Structure formats: C-alpha cells, structure tokens
>>> print(open('my_file.txt').read())   # compact mmCIF, C-alpha atoms and all ligand atoms
# COMPACT_ATOMS: atom_id res chain seq x y z
CA MET A 14 4.14 15.40 53.59
CA LEU A 15 1.01 13.77 54.92
CA ILE A 16 0.11 12.80 58.45
CA VAL A 17 -2.51 10.10 58.73
CA MET A 18 -4.07 10.06 62.18
CA LYS A 19 -5.16 6.82 63.83
CA GLN A 20 -8.85 6.06 63.40
CA ASN A 21 -9.53 6.65 67.10
CA ALA A 22 -7.50 9.87 67.32
CA THR A 23 -9.25 12.54 69.39
CA PRO A 24 -9.89 16.10 68.18
CA GLU A 25 -7.38 17.30 70.82
CA GLN A 26 -4.69 15.03 69.37
CA VAL A 27 -5.42 16.35 65.86
CA GLU A 28 -5.21 19.91 67.17
CA ALA A 29 -1.87 19.19 68.86
CA VAL A 30 -0.45 17.94 65.54
CA VAL A 31 -1.79 21.04 63.75
CA GLU A 32 -0.09 23.22 66.37
CA ARG A 33 3.20 21.36 65.97
CA ILE A 34 3.03 21.91 62.19
CA ARG A 35 2.43 25.64 62.68
CA SER A 36 5.22 25.90 65.26
CA LEU A 37 7.62 24.64 62.58
CA GLY A 38 6.56 27.50 60.31
CA LEU A 39 4.63 25.15 58.00
CA THR A 40 1.03 25.13 56.81
CA PRO A 41 -1.42 22.41 57.88
CA HIS A 42 -4.34 21.40 55.60
CA ALA A 43 -7.07 19.21 57.06
CA ILE A 44 -8.07 16.56 54.50
CA PRO A 45 -11.66 15.39 54.77
CA GLY A 46 -12.03 11.62 54.62
CA ALA A 47 -14.69 9.10 55.53
CA GLN A 48 -12.27 6.58 57.05
CA ARG A 49 -9.52 8.67 58.58
CA THR A 50 -8.37 12.14 59.48
CA ALA A 51 -5.34 13.23 57.53
CA ILE A 52 -3.37 16.46 57.65
CA GLY A 53 -1.39 17.61 54.64
CA ILE A 54 1.69 19.75 55.23
CA THR A 55 2.97 22.31 52.77
CA GLY A 56 5.73 24.86 53.03
CA ASN A 57 8.61 22.44 53.64
CA LYS A 58 11.45 22.33 51.19
CA GLY A 59 12.47 18.70 50.93
CA GLY A 60 12.06 16.25 53.79
CA LEU A 61 11.65 17.35 57.40
CA GLU A 62 14.60 16.80 59.73
CA GLY A 63 14.28 14.55 62.74
CA SER A 64 10.74 13.12 62.30
CA PRO A 65 9.01 15.85 64.32
CA PHE A 66 5.61 14.11 64.20
CA GLU A 67 6.59 10.50 64.80
CA GLY A 68 5.40 9.40 68.24
CA LEU A 69 2.94 12.27 68.81
CA PRO A 70 -0.27 10.89 70.38
CA GLY A 71 -2.85 9.83 67.76
CA VAL A 72 -0.42 9.86 64.82
CA GLY A 73 -0.72 6.73 62.66
CA GLU A 74 1.59 7.23 59.71
CA VAL A 75 3.79 9.99 58.34
CA LEU A 76 4.05 9.75 54.55
CA ARG A 77 6.10 11.57 51.98
CA VAL A 78 3.99 12.66 49.00
CA SER A 79 6.00 11.75 45.93
CA GLN A 80 4.17 13.96 43.41
CA PRO A 81 5.03 17.67 43.04
CA PHE A 82 1.33 18.44 43.48
CA LYS A 83 0.22 17.58 46.99
CA LEU A 84 -3.27 18.61 48.05
CA VAL A 85 -4.84 17.66 44.71
CA SER A 86 -3.20 14.23 44.67
CA ARG A 87 -4.84 10.90 45.37
CA GLU A 88 -1.93 10.09 47.64
CA VAL A 89 -3.13 12.78 50.02
CA GLN A 90 -6.86 12.16 49.54
CA PRO A 91 -7.81 8.72 48.21
CA GLU A 92 -11.58 9.48 48.14
CA ASP A 93 -13.12 11.44 45.28
CA THR A 94 -13.94 15.08 45.98
CA VAL A 95 -17.66 15.59 45.51
CA ILE A 96 -18.55 19.26 45.06
CA ASP A 97 -22.03 20.12 46.21
CA VAL A 98 -23.39 23.03 44.18
CA GLY A 99 -26.66 23.86 45.91
CA GLY A 100 -27.81 20.25 45.82
CA VAL A 101 -26.24 19.27 42.47
CA GLN A 102 -23.28 16.98 43.01
CA LEU A 103 -20.23 17.28 40.81
CA GLY A 104 -17.87 14.30 41.09
CA GLY A 105 -20.43 11.87 42.50
CA LYS A 106 -21.84 8.79 40.78
CA ALA A 107 -24.18 10.76 38.54
CA ILE A 108 -22.80 12.62 35.54
CA VAL A 109 -23.77 16.27 35.28
CA VAL A 110 -24.46 18.14 32.04
CA MET A 111 -23.66 21.86 31.75
CA ALA A 112 -24.90 23.67 28.67
CA GLY A 113 -25.63 27.08 27.25
CA PRO A 114 -24.27 29.68 24.89
CA CYS A 115 -20.62 30.64 24.62
CA SER A 116 -21.52 34.27 25.40
CA VAL A 117 -24.48 35.88 27.06
CA GLU A 118 -25.73 38.09 24.21
CA SER A 119 -29.24 39.24 25.13
CA ARG A 120 -32.09 38.47 27.50
CA GLU A 121 -34.06 36.76 24.76
CA GLN A 122 -31.10 34.62 23.62
CA LEU A 123 -30.07 33.55 27.12
CA LEU A 124 -33.55 32.71 28.37
CA ALA A 125 -34.31 30.70 25.22
CA ALA A 126 -31.08 28.74 25.67
CA ALA A 127 -31.66 28.25 29.40
CA HIS A 128 -35.20 26.89 29.01
CA ALA A 129 -34.11 24.62 26.17
CA VAL A 130 -31.17 23.05 28.01
CA LYS A 131 -33.18 22.75 31.20
CA SER A 132 -35.99 20.86 29.53
CA ALA A 133 -33.48 18.54 27.84
CA GLY A 134 -31.98 17.65 31.26
CA ALA A 135 -28.98 19.92 31.88
CA ARG A 136 -28.36 20.97 35.50
CA PHE A 137 -26.02 23.91 34.81
CA LEU A 138 -26.33 26.91 32.54
CA ARG A 139 -23.05 28.08 31.05
CA GLY A 140 -22.55 31.50 29.49
CA GLY A 141 -19.73 34.04 29.43
CA ALA A 142 -20.26 37.66 30.45
CA PHE A 143 -16.52 38.39 30.21
CA LYS A 144 -15.08 36.87 27.05
CA PRO A 145 -11.39 36.18 26.33
CA ARG A 146 -11.42 36.91 22.59
CA THR A 147 -8.39 36.50 20.36
CA SER A 148 -9.18 39.79 18.61
CA PRO A 149 -9.82 43.03 20.51
CA TYR A 150 -12.38 43.92 17.80
CA GLU A 151 -14.63 40.96 18.57
CA PHE A 152 -17.52 40.88 21.05
CA GLN A 153 -16.06 41.16 24.55
CA GLY A 154 -19.15 40.21 26.57
CA LEU A 155 -21.89 42.15 28.35
CA GLY A 156 -20.08 42.34 31.69
CA GLU A 157 -22.29 42.84 34.74
CA ALA A 158 -25.42 43.10 32.59
CA GLY A 159 -24.64 39.56 31.38
CA LEU A 160 -24.20 38.31 34.95
CA LYS A 161 -27.60 39.78 35.84
CA LEU A 162 -29.18 37.91 32.93
CA LEU A 163 -27.57 34.67 34.11
CA ALA A 164 -29.07 35.26 37.57
CA GLU A 165 -32.47 35.84 36.00
CA ALA A 166 -32.18 32.63 33.98
CA ARG A 167 -31.26 30.73 37.16
CA GLU A 168 -34.29 32.23 38.87
CA GLN A 169 -36.59 31.07 36.05
CA THR A 170 -35.15 27.58 35.52
CA GLY A 171 -33.43 26.48 38.74
CA LEU A 172 -30.25 25.79 36.73
CA LYS A 173 -26.92 26.47 38.45
CA VAL A 174 -24.77 29.09 36.74
CA VAL A 175 -21.17 28.63 35.61
CA THR A 176 -19.44 31.69 34.17
CA GLU A 177 -15.90 32.84 33.50
CA VAL A 178 -13.95 35.34 35.59
CA MET A 179 -11.10 36.93 33.63
CA ASP A 180 -9.88 39.76 35.81
CA PRO A 181 -9.20 39.91 39.56
CA ASP A 182 -11.02 43.28 39.57
CA ASP A 183 -14.26 41.52 38.54
CA LEU A 184 -13.90 38.64 40.97
CA SER A 185 -16.19 39.85 43.75
CA MET A 186 -18.86 40.74 41.18
CA CYS A 187 -18.64 37.29 39.58
CA VAL A 188 -18.76 35.60 43.00
CA GLU A 189 -22.00 37.44 43.70
CA TYR A 190 -23.78 36.03 40.62
CA ALA A 191 -22.15 32.67 39.83
CA ASP A 192 -22.63 29.25 41.41
CA VAL A 193 -19.34 28.05 39.88
CA LEU A 194 -16.53 30.30 38.62
CA GLN A 195 -14.81 29.25 35.42
CA LEU A 196 -11.13 30.05 35.02
CA GLY A 197 -10.57 30.03 31.28
CA ALA A 198 -7.86 28.17 29.41
CA ARG A 199 -5.89 31.35 28.72
CA ASN A 200 -5.72 32.13 32.43
CA MET A 201 -4.80 28.68 33.69
CA GLN A 202 -1.39 29.92 34.81
CA ASN A 203 -2.48 33.37 35.95
CA PHE A 204 -1.00 32.76 39.35
CA SER A 205 -2.29 35.90 41.03
CA LEU A 206 -5.84 35.04 39.92
CA LEU A 207 -5.37 31.42 41.04
CA LYS A 208 -4.31 32.63 44.49
CA LYS A 209 -7.35 34.90 44.71
CA LEU A 210 -9.64 32.02 43.71
CA GLY A 211 -8.21 30.16 46.69
CA GLY A 212 -9.86 32.74 48.90
CA VAL A 213 -13.39 32.56 47.49
CA LYS A 214 -16.21 30.39 48.77
CA LYS A 215 -17.40 29.22 45.36
CA PRO A 216 -16.32 26.14 43.38
CA ILE A 217 -13.89 26.68 40.52
CA LEU A 218 -13.99 25.10 37.06
CA LEU A 219 -10.34 25.19 36.04
CA LYS A 220 -9.90 24.80 32.30
CA ARG A 221 -6.73 23.32 30.89
CA GLY A 222 -4.37 25.76 29.24
CA PRO A 223 -4.09 25.19 25.46
CA SER A 224 -0.46 24.09 25.83
CA ALA A 225 -0.39 22.94 29.42
CA THR A 226 0.78 19.51 30.44
CA ILE A 227 -1.32 17.56 32.91
CA ARG A 228 1.29 18.23 35.55
CA GLU A 229 1.21 21.99 34.97
CA TRP A 230 -2.57 21.88 35.11
CA LEU A 231 -2.55 20.01 38.41
CA MET A 232 -0.01 22.48 39.78
CA ALA A 233 -2.40 25.30 38.82
CA ALA A 234 -5.18 23.52 40.73
CA GLU A 235 -2.75 23.09 43.62
CA TYR A 236 -2.48 26.90 43.86
CA VAL A 237 -6.22 27.16 44.48
CA LEU A 238 -6.24 24.43 47.12
CA ALA A 239 -3.07 25.70 48.78
CA HIS A 240 -4.78 29.08 49.16
CA GLY A 241 -7.78 27.60 50.90
CA ASN A 242 -10.38 26.50 48.33
CA ASN A 243 -10.63 22.74 47.80
CA GLN A 244 -13.72 22.95 45.57
CA VAL A 245 -12.01 22.65 42.18
CA ALA A 246 -13.06 20.72 39.07
CA LEU A 247 -10.70 20.24 36.11
CA CYS A 248 -12.00 20.80 32.59
CA GLU A 249 -10.30 19.28 29.53
CA ARG A 250 -11.10 21.57 26.59
CA GLY A 251 -8.59 20.52 23.98
CA ILE A 252 -4.93 21.31 23.53
CA ARG A 253 -2.98 22.82 20.68
CA THR A 254 -1.26 20.28 18.46
CA PHE A 255 0.03 20.17 14.88
CA GLU A 256 -3.48 19.19 13.71
CA THR A 257 -5.38 21.86 11.80
CA ALA A 258 -8.49 19.91 10.78
CA THR A 259 -10.03 20.63 14.17
CA ARG A 260 -9.94 23.74 16.39
CA ASN A 261 -8.08 21.89 19.17
CA THR A 262 -7.23 18.29 19.97
CA LEU A 263 -9.49 17.03 22.74
CA ASP A 264 -7.12 15.08 24.94
CA LEU A 265 -9.34 12.33 26.27
CA ASN A 266 -6.21 10.57 27.57
CA ALA A 267 -6.31 13.20 30.28
CA VAL A 268 -9.54 11.82 31.75
CA PRO A 269 -8.33 8.43 33.04
CA VAL A 270 -4.87 9.86 33.79
CA LEU A 271 -6.39 12.61 35.96
CA LYS A 272 -8.76 10.16 37.63
CA ALA A 273 -5.73 8.16 38.76
CA LEU A 274 -3.63 11.15 39.86
CA THR A 275 -6.22 13.36 41.53
CA HIS A 276 -9.42 13.18 43.57
CA LEU A 277 -10.85 16.27 41.86
CA PRO A 278 -13.87 15.96 39.51
CA VAL A 279 -13.08 15.90 35.79
CA VAL A 280 -15.17 17.73 33.18
CA VAL A 281 -14.93 17.42 29.39
CA ASP A 282 -15.69 20.30 27.00
CA PRO A 283 -16.22 18.74 23.56
CA SER A 284 -17.29 22.09 22.03
CA HIS A 285 -13.92 23.85 22.33
CA GLY A 286 -12.20 20.48 22.12
CA ILE A 287 -13.13 19.89 18.48
CA GLY A 288 -14.73 23.18 17.47
CA ILE A 289 -17.03 21.71 14.78
CA ARG A 290 -20.76 21.44 15.53
CA ALA A 291 -21.32 18.23 13.60
CA HIS A 292 -18.61 16.45 15.60
CA VAL A 293 -19.37 17.77 19.09
CA PRO A 294 -21.83 14.95 19.95
CA ALA A 295 -19.26 12.23 19.14
CA MET A 296 -16.70 13.79 21.47
CA ALA A 297 -19.30 14.42 24.18
CA ARG A 298 -20.22 10.74 24.08
CA ALA A 299 -16.54 9.79 24.11
CA GLY A 300 -15.88 12.06 27.10
CA ILE A 301 -18.53 10.30 29.12
CA ALA A 302 -17.31 6.89 28.02
CA ALA A 303 -13.78 7.89 29.11
CA GLY A 304 -15.00 8.61 32.65
CA ALA A 305 -15.78 12.33 32.86
CA ASP A 306 -17.92 13.46 35.79
CA ALA A 307 -19.52 16.19 33.71
CA ILE A 308 -19.61 17.60 30.20
CA ILE A 309 -19.97 21.27 29.28
CA VAL A 310 -21.54 21.91 25.88
CA GLU A 311 -22.21 25.10 23.94
CA VAL A 312 -25.86 25.46 22.88
CA HIS A 313 -27.35 28.48 21.13
CA PRO A 314 -30.95 29.04 20.00
CA ARG A 315 -29.65 30.29 16.61
CA PRO A 316 -25.98 29.29 16.24
CA GLU A 317 -25.64 31.00 12.85
CA GLN A 318 -26.28 34.36 14.57
CA ALA A 319 -24.04 33.75 17.61
CA LEU A 320 -21.57 36.49 18.57
CA SER A 321 -18.98 33.87 19.52
CA ASP A 322 -18.36 30.18 18.82
CA GLY A 323 -21.48 29.69 16.67
CA GLN A 324 -19.59 27.17 14.52
CA GLN A 325 -19.35 24.78 17.47
CA SER A 326 -22.69 25.49 19.17
CA LEU A 327 -25.47 22.92 19.02
CA THR A 328 -29.06 23.88 18.32
CA PRO A 329 -31.56 23.00 21.06
CA THR A 330 -32.81 20.10 18.93
CA GLU A 331 -29.30 18.71 18.46
CA PHE A 332 -28.69 19.07 22.19
CA GLU A 333 -31.85 17.16 23.02
CA GLU A 334 -30.71 14.29 20.81
CA LEU A 335 -27.26 14.39 22.45
CA MET A 336 -28.89 14.08 25.88
CA ARG A 337 -30.72 10.98 24.71
CA GLN A 338 -27.42 9.46 23.56
CA VAL A 339 -25.38 10.35 26.64
CA ARG A 340 -27.98 8.77 28.92
CA ILE A 341 -27.35 5.48 27.11
CA ILE A 342 -23.55 5.81 27.34
CA ALA A 343 -23.75 6.69 31.04
CA GLY A 344 -25.91 3.62 31.65
CA ALA A 345 -23.43 1.42 29.81
CA ILE A 346 -20.67 2.36 32.30
CA GLY A 347 -22.87 1.99 35.38
CA ARG A 348 -23.60 5.69 35.83
CA ALA A 349 -26.55 7.94 35.08
CA ILE A 350 -27.05 11.53 33.99
CA GLY A 351 -27.92 13.36 37.23
C1 LIG B 1 -15.55 29.30 26.84
O1 LIG B 1 -15.89 28.46 27.68
O2 LIG B 1 -16.34 29.88 26.08
C2 LIG B 1 -14.11 29.55 26.68
C3 LIG B 1 -13.65 30.74 26.28
O3 LIG B 1 -13.36 28.48 26.96
P1 LIG B 1 -11.75 28.26 26.97
O4 LIG B 1 -11.23 29.11 28.09
O5 LIG B 1 -11.63 26.80 27.22
O6 LIG B 1 -11.26 28.67 25.61
MN MN B 2 -16.80 29.45 23.66
>>> encode(input="my_file.txt", output="structure tokens")
Amino acid sequence: MLIVMKQNATPEQVEAVVERIRSLGLTPHAIPGAQRTAIGITGNKGGLEGSPFEGLPGVGEVLRVSQPFKLVSREVQPEDTVIDVGGVQLGGKAIVVMAGPCSVESREQLLAAAHAVKSAGARFLRGGAFKPRTSPYEFQGLGEAGLKLLAEAREQTGLKVVTEVMDPDDLSMCVEYADVLQLGARNMQNFSLLKKLGGVKKPILLKRGPSATIREWLMAAEYVLAHGNNQVALCERGIRTFETATRNTLDLNAVPVLKALTHLPVVVDPSHGIGIRAHVPAMARAGIAAGADAIIVEVHPRPEQALSDGQQSLTPTEFEELMRQVRIIAGAIGRAIG
C-alpha cells in the first residue's frame, strides 16, 4: 500500500498519517521524492479494511502496490535511487566502474591493482577479504588483514572500497572498512544476513543468486529496505543454465527488466558472468549498452598467479583498453563514465 500526499501537505499532516499507520500495527516507510511525499506501508496482509487513510488531511491518493515487492518497486518510488558513496554517485547519469582483484592476496598485489585501475579511470576498488570458495581447501581470504589492506589502498588512491561480507559475525568489522558491502551470490537468500544489512549505514551491493529469478532477487532486496536500509544496488553476475561453454550465463535481459521494475541502481559483473578473460570486455561493453549504472570487473596485476578467479581477471593493460571502449559505448547512449 502506498499513500501519496498532496504536494502542499504539511509536515504535521505527514506525521499524522505516519501515526495512523503505526496505530494500526503497520510499518510506515517514508519514500524520498522530488515531486511528492509518499509513505509506503508494509505489514498488512491483503487490503486494508475500511479505507483508514482516505479523507485524512493532506492525503492525495491511496494506491495498492500490485507487485509482491513493495519498497524496491517503481510503483512506490518512480524516481531512480541515486546512492552517494562519499561523492561518487551510483545510479545517476554517469556510469561507474568498479575494478580490482577477486581476492586481496598481499599488500604488493592489492596496491598494484589499485593504482592500475585508478589510473585507468575506475572509481571503486573491489577485492574480497572473505571468500566464498566452492572447495574448503582453496584460499579463503585474508580476513581482517585483507580489509586493512583495502583501507590502505583507499588511502593511497582515493578509490571507494567494495568488499564482500559473508558472515553476520564479521559484519561490524566489514562496515568499519568498506564503503559498500557486497552480499555475494551464494548468500542472496541468507535472510538473517539480509535483515542485518537492513540495519547498517552503508550501501549494499546485492549480487544475484546463481539460480534466483528476478522476482526472488527483488524480494531479497526488499528485505534490506524493509529493515531500514534503502541504499541497495543490484548486481547481475550470471546465472546457472544448461550451458557449459561459459562459467555462467550473464543474463543481460535482467538489466532493462530491472530498470522497469525497480528504482534501484543496476550493476553488471561480466567477469563472473562469463568467466573467460578474453570474453570479459565484450560482456562489459554489452552490459553498459544494455543500461547498467555500473560494471564491476576483476583485474589482477598477474592473473596467472591469482589465488582465485585468475582465468577471468584482466591484466591492467587489458583493463585500460576496456576503459577506452566503454567510454565510447557510454557516449553512444548519452551517458559518460563518471
Ligand atoms: C566475487 O565477487 O569475487 C564473488 C565471489 O562473486 P559472486 O558472489 O557473484 O560469485
Ligand atoms: Mn571472483
């Protein structure tokens, strides 16, 4: 349910509506908007009896939200969400590039990657300190030592840091070091973690589960918003299909579909999406052409020595060439790389 206040509604009238919502045992969510004040309502099962908001002073319209996801939907918030990450805007007109190694491996490796992606024009440094590996015998990440290296790289380059949180026990530590918290594909439906991310004051990069439908993915995002954090970006990173020629199938259909259904920024990860270094640039270009607000690309100073995902990591030289190409694609669709 959505209450759209009249344009000239006073703050007292908005407050009275919020109070009425609470008095019914429901949860109000203020929806920021340039043109109008709207208040989303969650907690009701089905329609509300007896139009309890109709006729309250300042109320313009009372709308039923037809989608199962509410706060993330365009019905509730027609304007795009623009996430401000310390001056870098995610979801605005400019397209943002995030890049860096799959895993933080060493000081030397991370700083080399950070300086390379910075000088090529990336705004975010990616790098995992906690790694969700298929095998328990593979490199699991440096943990807090890795987070400290990410902070040092940010200090040296001015890049924003995006890094994955895997375990609720590590959440406060990750919040301390990261500018954006990544929730990995394997955790997309970890509902207790999603609820906890609703309580943090950092933006969330929510990756699509390998077998999640778009609706399930939006419902996962809804958990974060419903628990208080509306700074969520959605990252398409490929889904599992019958195809074995590529690591995953990058579902670029999701980009325009999401853009129509939700106001949240959309990010494309061509590295995990295809999993083959030689083909990452093509899918990065395609992601931007499809309308992504950002791309996230794995870059390693020496991919052949990487402790994870070397087969899909670009060298700094390849990344520089990709940046040249994506600037042209962005220009062709009336955007720029920010
Ligand atoms: C990663 O970003 O390195 C990663 C593990 O991604 P995903 O969760 O999409 O597999
Ligand atoms: Mn990876």
>>> closest_residue(input="my_file.txt", among="A:Ile346, A:Met179, A:Cys115, A:Leu196", to="ligand MN 2 (chain B)", atoms="all atoms listed in the file")
A:Cys115
>>> residues_near_ligand(input="my_file.txt", ligand="ligand MN 2 (chain B)", cutoff="8 Å", atoms="all atoms listed in the file", output="compact mmCIF listing (two decimals) with C-alpha atoms, keeping the file's coordinate frame")
# COMPACT_ATOMS: atom_id res chain seq x y z
CA PRO A 114 -24.27 29.68 24.89
CA CYS A 115 -20.62 30.64 24.62
CA SER A 116 -21.52 34.27 25.40
CA GLY A 141 -19.73 34.04 29.43
CA SER A 284 -17.29 22.09 22.03
CA HIS A 285 -13.92 23.85 22.33
CA GLU A 311 -22.21 25.10 23.94
CA SER A 321 -18.98 33.87 19.52
CA ASP A 322 -18.36 30.18 18.82
>>> closest_atom_pairs(input="my_file.txt", of="chain A", to="ligand LIG 1 (chain B)", cutoff="8 Å", atoms="all atoms listed in the file", output="CSV")
residue,atom,partner,partner_atom,distance
A:Cys115,CA,B:LIG1,O2,4.6
A:Ser116,CA,B:LIG1,O2,6.8
A:Arg139,CA,B:LIG1,O1,7.9
A:Gly140,CA,B:LIG1,O2,7.3
A:Gly141,CA,B:LIG1,O2,6.3
A:Lys144,CA,B:LIG1,C3,6.3
A:Pro145,CA,B:LIG1,C3,5.9
A:Arg146,CA,B:LIG1,C3,7.5
A:Glu177,CA,B:LIG1,O1,7.3
A:Gln195,CA,B:LIG1,O1,7.9
A:Leu196,CA,B:LIG1,O4,7.0
A:Gly197,CA,B:LIG1,O4,3.4
A:Ala198,CA,B:LIG1,O4,3.7
A:Arg199,CA,B:LIG1,O4,5.8
A:Asn200,CA,B:LIG1,O4,7.6
A:Lys220,CA,B:LIG1,O5,5.7
A:Arg221,CA,B:LIG1,O5,7.0
A:Gly222,CA,B:LIG1,O5,7.6
A:Pro223,CA,B:LIG1,O5,7.9
A:Glu249,CA,B:LIG1,O5,8.0
A:Arg250,CA,B:LIG1,O5,5.3
A:Gly251,CA,B:LIG1,O5,7.7
A:Asp282,CA,B:LIG1,O5,7.7
A:His285,CA,B:LIG1,O5,6.2
A:Glu311,CA,B:LIG1,O2,7.9
A:Asp322,CA,B:LIG1,O2,7.5
>>> atom_distance(input="my_file.txt", atom1="CA of Lys214 in chain A", atom2="CA of Ile52 in chain A")
20.9 Å
>>> atom_distance(input="my_file.txt", atom1="CA of Gly38 in chain A", atom2="CA of Val213 in chain A")
24.2 Å
>>> closest_residue(input="my_file.txt", among="A:Thr275, A:Gln48, A:Thr23, A:Gln324", to="Gly104 in chain A", atoms="all atoms listed in the file")
A:Thr275
>>> atom_distance(input="my_file.txt", atom1="CA of Leu320 in chain A", atom2="CA of Ile308 in chain A")
22.3 Å
>>> residues_near_point(input="my_file.txt", point="(0.9, 16.5, 43.2)", cutoff="10 Å", atoms="all atoms listed in the file", output="ChimeraX atom specification")
/A:78-89,228-229,231-232,234-235,274-275
>>> closest_residue(input="my_file.txt", among="A:Ala349, A:Ile217, A:Ala233, A:Val268", to="Gln202 in chain A", atoms="all atoms listed in the file")
A:Ala233
>>> closest_residue(input="my_file.txt", among="A:Gly159, A:Gly63, A:Gly53, A:Pro329", to="Leu76 in chain A", atoms="only C-alpha atoms")
A:Gly53
>>> residues_around(input="my_file.txt", residues="range 95-99 of chain A", least_positions_apart="3", cutoff="7 Å", atoms="all atoms listed in the file", output="list in words")
Gln102, Leu103, Gly104, Gly105, Asp192 and Gln244 of chain A
>>> residues_around(input="my_file.txt", residues="Ala142 in chain A", least_positions_apart="5", cutoff="10 Å", atoms="only C-alpha atoms", output="list of chain:residue names")
A:Cys115, A:Ser116, A:Val117, A:Glu118, A:Gln153, A:Gly154, A:Leu155, A:Gly156, A:Glu157, A:Ala158, A:Gly159, A:Leu160, A:Lys161, A:Leu162, A:Leu163, A:Thr176, A:Glu177, A:Val178, A:Met179, A:Cys187
>>> closest_residue(input="my_file.txt", among="A:Gly113, A:Gly73, A:Gly100, A:Gly171", to="Val17 in chain A", atoms="all atoms listed in the file")
A:Gly73
>>> closest_residue(input="my_file.txt", among="A:Lys19, A:Lys131, A:His313, A:His240", to="Pro41 in chain A", atoms="only C-alpha atoms")
A:His240
>>> build_atoms(input="my_file.txt", residues="range 260-277 of chain A", atoms="N, CA, C and O atoms", output="tab-separated table (two decimals), in the frame of the given file")
chain	number	residue	atom	x	y	z
A	260	ARG	N	-10.38	22.52	15.69
A	260	ARG	CA	-9.94	23.74	16.39
A	260	ARG	C	-8.84	23.42	17.41
A	260	ARG	O	-7.85	24.12	17.53
A	261	ASN	N	-9.06	22.37	18.18
A	261	ASN	CA	-8.08	21.89	19.17
A	261	ASN	C	-8.07	20.37	19.08
A	261	ASN	O	-8.86	19.79	18.33
A	262	THR	N	-7.22	19.75	19.87
A	262	THR	CA	-7.23	18.29	19.97
A	262	THR	C	-7.72	17.94	21.36
A	262	THR	O	-7.04	18.24	22.35
A	263	LEU	N	-8.93	17.38	21.43
A	263	LEU	CA	-9.49	17.03	22.74
A	263	LEU	C	-8.69	15.86	23.30
A	263	LEU	O	-8.68	14.78	22.71
A	264	ASP	N	-8.01	16.10	24.40
A	264	ASP	CA	-7.12	15.08	24.94
A	264	ASP	C	-7.89	14.20	25.92
A	264	ASP	O	-7.84	14.43	27.13
A	265	LEU	N	-8.56	13.20	25.38
A	265	LEU	CA	-9.34	12.33	26.27
A	265	LEU	C	-8.45	11.42	27.09
A	265	LEU	O	-8.90	10.85	28.08
A	266	ASN	N	-7.17	11.29	26.70
A	266	ASN	CA	-6.21	10.57	27.57
A	266	ASN	C	-6.20	11.18	28.96
A	266	ASN	O	-5.97	10.49	29.96
A	267	ALA	N	-6.42	12.50	29.00
A	267	ALA	CA	-6.31	13.20	30.28
A	267	ALA	C	-7.34	12.68	31.29
A	267	ALA	O	-7.09	12.73	32.50
A	268	VAL	N	-8.47	12.19	30.80
A	268	VAL	CA	-9.54	11.82	31.75
A	268	VAL	C	-9.12	10.67	32.66
A	268	VAL	O	-9.08	10.84	33.89
A	269	PRO	N	-8.75	9.49	32.12
A	269	PRO	CA	-8.33	8.43	33.04
A	269	PRO	C	-7.03	8.75	33.77
A	269	PRO	O	-6.85	8.33	34.93
A	270	VAL	N	-6.14	9.51	33.12
A	270	VAL	CA	-4.87	9.86	33.79
A	270	VAL	C	-5.17	10.74	35.01
A	270	VAL	O	-4.66	10.50	36.11
A	271	LEU	N	-6.03	11.74	34.82
A	271	LEU	CA	-6.39	12.61	35.96
A	271	LEU	C	-7.09	11.81	37.05
A	271	LEU	O	-6.83	12.01	38.24
A	272	LYS	N	-7.99	10.93	36.63
A	272	LYS	CA	-8.76	10.16	37.63
A	272	LYS	C	-7.83	9.35	38.53
A	272	LYS	O	-8.13	9.11	39.68
A	273	ALA	N	-6.69	8.92	37.96
A	273	ALA	CA	-5.73	8.16	38.76
A	273	ALA	C	-4.89	9.08	39.64
A	273	ALA	O	-4.55	8.74	40.77
A	274	LEU	N	-4.56	10.27	39.14
A	274	LEU	CA	-3.63	11.15	39.86
A	274	LEU	C	-4.30	12.02	40.91
A	274	LEU	O	-3.67	12.43	41.88
A	275	THR	N	-5.58	12.37	40.66
A	275	THR	CA	-6.22	13.36	41.53
A	275	THR	C	-7.62	12.92	41.94
A	275	THR	O	-8.27	12.14	41.23
A	276	HIS	N	-8.05	13.46	43.06
A	276	HIS	CA	-9.42	13.18	43.57
A	276	HIS	C	-10.42	14.20	43.06
A	276	HIS	O	-11.61	14.10	43.36
A	277	LEU	N	-9.95	15.21	42.30
A	277	LEU	CA	-10.85	16.27	41.86
A	277	LEU	C	-11.75	15.79	40.72
A	277	LEU	O	-11.33	14.97	39.90
